[in-house]
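Shown below: work10.txt, with compact mmCIF, C-alpha atoms.
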```txt
# COMPACT_ATOMS: atom_id res chain seq x y z
CA MET F 1 42.79 -147.47 93.55
CA PHE F 2 46.36 -148.14 94.59
CA PRO F 3 49.14 -146.01 93.13
CA ALA F 4 51.25 -147.72 90.48
CA SER F 5 54.29 -147.83 92.77
CA LYS F 6 52.43 -149.89 95.41
CA ARG F 7 50.88 -152.50 93.11
CA ILE F 8 52.59 -155.81 92.42
CA ASP F 9 51.88 -156.75 88.81
CA TYR F 10 52.85 -160.30 87.90
CA VAL F 11 51.19 -160.08 84.50
CA ASP F 12 52.21 -157.28 82.18
CA GLY F 13 48.70 -157.46 80.70
CA PRO F 14 47.21 -158.19 77.33
CA SER F 15 48.35 -154.80 76.03
CA THR F 16 51.71 -156.37 75.10
CA ALA F 17 50.01 -158.95 72.86
CA THR F 18 50.35 -158.36 69.13
CA ASN F 19 48.33 -161.17 67.55
CA LYS F 20 44.91 -161.58 69.14
CA SER F 21 43.72 -164.47 66.99
CA MET F 22 44.11 -167.24 69.60
CA PHE F 23 44.42 -167.51 73.33
CA ALA F 24 45.14 -170.37 75.73
CA ILE F 25 45.16 -171.15 79.41
CA ILE F 26 48.45 -172.59 80.65
CA GLN F 27 49.54 -173.87 84.05
CA THR F 28 52.97 -173.31 85.55
CA GLY F 29 54.15 -172.90 89.11
CA GLY F 30 50.79 -174.06 90.49
CA LYS F 31 48.98 -171.14 88.84
CA GLN F 32 46.95 -170.76 85.66
CA TYR F 33 47.45 -167.92 83.17
CA LEU F 34 45.36 -166.69 80.23
CA VAL F 35 47.88 -165.97 77.45
CA GLN F 36 47.95 -164.73 73.87
CA GLU F 37 50.70 -164.76 71.26
CA GLY F 38 53.20 -161.95 71.80
CA GLN F 39 52.26 -161.46 75.47
CA GLU F 40 54.93 -161.08 78.16
CA LEU F 41 54.24 -162.24 81.71
CA LYS F 42 56.00 -163.04 84.95
CA VAL F 43 55.60 -166.56 86.30
CA GLU F 44 57.07 -168.45 89.23
CA LYS F 45 60.79 -169.17 88.83
CA LEU F 46 61.70 -171.76 86.18
CA GLU F 47 65.08 -173.47 86.04
CA LYS F 48 65.85 -172.14 82.55
CA SER F 49 68.44 -169.66 81.32
CA ASP F 50 67.72 -166.43 79.43
CA GLY F 51 66.90 -166.88 75.75
CA GLU F 52 66.00 -170.55 76.17
CA SER F 53 62.75 -171.82 74.63
CA ILE F 54 60.18 -173.76 76.66
CA GLU F 55 57.01 -175.66 75.77
CA LEU F 56 53.96 -175.56 78.02
CA GLU F 57 50.85 -177.72 77.73
CA ALA F 58 47.55 -175.92 77.24
CA LEU F 59 44.51 -176.58 79.44
CA LEU F 60 42.21 -174.69 77.08
CA VAL F 61 42.65 -173.26 73.57
CA SER F 62 40.24 -170.91 71.82
CA ASP F 63 40.09 -168.37 69.01
CA ASP F 64 39.32 -164.69 69.64
CA GLU F 65 35.55 -164.98 69.18
CA GLY F 66 35.24 -168.20 71.20
CA ALA F 67 33.70 -170.13 68.31
CA ASN F 68 36.48 -172.73 68.14
CA THR F 69 37.15 -173.80 71.76
CA LYS F 70 38.96 -176.96 72.88
CA ILE F 71 38.85 -177.90 76.56
CA GLY F 72 41.30 -180.47 77.89
CA ALA F 73 40.85 -183.15 80.50
CA PRO F 74 43.31 -182.17 82.00
CA THR F 75 45.21 -180.90 78.91
CA VAL F 76 44.29 -180.49 75.25
CA ALA F 77 45.82 -183.31 73.19
CA GLY F 78 48.40 -181.96 70.76
CA ALA F 79 48.13 -178.35 71.96
CA LYS F 80 51.41 -176.66 72.86
CA VAL F 81 52.33 -173.14 73.86
CA THR F 82 55.88 -172.15 72.97
CA ALA F 83 57.52 -169.42 75.05
CA THR F 84 60.96 -167.83 75.37
CA VAL F 85 62.60 -166.96 78.69
CA MET F 86 63.39 -163.24 78.67
CA GLU F 87 64.85 -162.76 82.15
CA THR F 88 64.90 -164.07 85.69
CA GLY F 89 64.96 -161.93 88.79
CA LYS F 90 63.44 -161.09 92.13
CA GLY F 91 60.27 -159.11 92.80
CA LYS F 92 59.89 -156.18 95.15
CA LYS F 93 60.57 -156.75 98.83
CA VAL F 94 57.59 -157.72 100.96
CA MET F 95 57.90 -157.16 104.70
CA VAL F 96 56.75 -160.00 106.98
CA VAL F 97 55.92 -158.83 110.51
CA LYS F 98 55.10 -161.11 113.44
CA TYR F 99 53.77 -159.59 116.65
CA LYS F 100 52.30 -161.02 119.84
CA PRO F 101 50.91 -158.54 122.34
CA LYS F 102 51.89 -158.49 126.01
CA SER F 103 54.91 -160.76 125.50
CA ARG F 104 57.57 -158.50 123.88
CA TYR F 105 57.60 -160.72 120.79
CA ARG F 106 58.31 -158.84 117.56
CA ARG F 107 59.92 -160.19 114.38
CA LYS F 108 60.46 -158.34 111.12
CA ASN F 109 61.64 -160.16 108.02
CA GLY F 110 61.81 -159.33 104.32
CA HIS F 111 61.10 -161.59 101.35
CA ARG F 112 61.71 -161.20 97.61
CA GLN F 113 59.88 -163.72 95.43
CA PRO F 114 61.94 -165.02 92.47
CA PHE F 115 60.27 -164.88 89.05
CA THR F 116 60.89 -165.72 85.40
CA LYS F 117 59.67 -163.35 82.69
CA ILE F 118 58.54 -165.20 79.56
CA LYS F 119 57.22 -164.16 76.16
CA ILE F 120 54.57 -166.29 74.44
CA GLU F 121 55.82 -166.99 70.92
CA LYS F 122 53.31 -169.42 69.44
CA ILE F 123 50.09 -171.23 70.32
CA VAL F 124 49.49 -174.48 68.43
CA ALA F 125 46.11 -176.14 68.71
```

Could you take the file, read its structure, and then write that structure out as structure tokens?
Amino acid sequence: MFPASKRIDYVDGPSTATNKSMFAIIQTGGKQYLVQEGQELKVEKLEKSDGESIELEALLVSDDEGANTKIGAPTVAGAKVTATVMETGKGKKVMVVKYKPKSRYRRKNGHRQPFTKIKIEKIVA
């Protein structure tokens, strides 16, 4: 596998979750995330300041065993996921290289993707 220094982890993983009674699938930044209460994750940049609370709509809500599952079309009516913005920043630098053979064309450019780190506070079904 890749060494830890070379991997780009956008999700800090379910190991940061404290209460595993419910989980939900949310959508932000054109991506979908499986979240639990107490979990911290990095999402695409949101125009919010640190410490500010945000509400996200849930696409799916379920309990830990999967016995009580609600699927939305496209979102679950009345289901909200409350999160707090912890920090905003930029990810690690990714090098973008363009090369065309036999024409002396070489371009090297760097890119740092902005992110917002949020903590899931509460899931309401």

Given the choices F:Lys117, F:Lys100, F:Lys31, F:Lys122, which gets closest to F:Thr88 if the distance is worked out from only C-alpha atoms?
->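 Ranking F:Lys117, F:Lys100, F:Lys31, F:Lys122 by distance to F:Thr88, first place goes to F:Lys117.
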
For the atom pair atom CA of F:Ser53 and atom CA of F:Ala77, what is the interatomic distance in Å to one decimal place?
-> 20.5 Å

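Closest approach to F:Asp63 from the set F:Gln27, F:Asn109, F:Ser103, F:Gln36 is made by F:Gln36, with distances taken over all atoms listed in the file.
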
Taken to one decimal, the atom CA of F:Thr82-atom CA of F:Ala67 distance is 22.8 Å

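Nearest residue to F:Gln113 among F:Val94, F:Leu34, F:Val61, F:Ala125 is F:Val94, counting all atoms listed in the file.
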
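Each of F:Lys98, F:Lys93, F:Arg104, F:Val85 was compared to F:Ser49 using all atoms listed in the file, and F:Val85 turns out to be the nearest.
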
Given all atoms listed in the file as the counted atoms, nearest of F:Gly91, F:Lys70, F:Ser21, F:Ile54 to F:Gly38 =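 Closest candidate: F:Ser21.
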
For F:Ile25: contacts at 12 Å, only C-alpha atoms, fewer than 4 positions along chain excluded, given as an NGL selection string = :F and (31-37 or 56-63 or 69-72 or 74-76 or 79-81 or 120 or 123 or 125)

Mind checking which residues fall within 7 Å of F:Lys90, counting all atoms listed in the file, ignoring those fewer than 3 positions away in the same chain, and posting them as an MDAnalysis selection string?
-> chainID F and resid 112:115

What would the file look like if the residues just selected were written as a PDB file, keeping the file's coordinate frame with C-alpha atoms?
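Just written: result.pdb:
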```pdb
ATOM      1  CA  ARG F 112      61.710-161.200  97.610  1.00  0.00           C
ATOM      2  CA  GLN F 113      59.880-163.720  95.430  1.00  0.00           C
ATOM      3  CA  PRO F 114      61.940-165.020  92.470  1.00  0.00           C
ATOM      4  CA  PHE F 115      60.270-164.880  89.050  1.00  0.00           C
TER       5      PHE F 115
END
```

One decimal, Å: what's the distance from atom CA of F:Glu47 over to atom CA of F:Ala83, could you say?
->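 Separating atom CA of F:Glu47 from atom CA of F:Ala83 is a distance of 13.9 Å.
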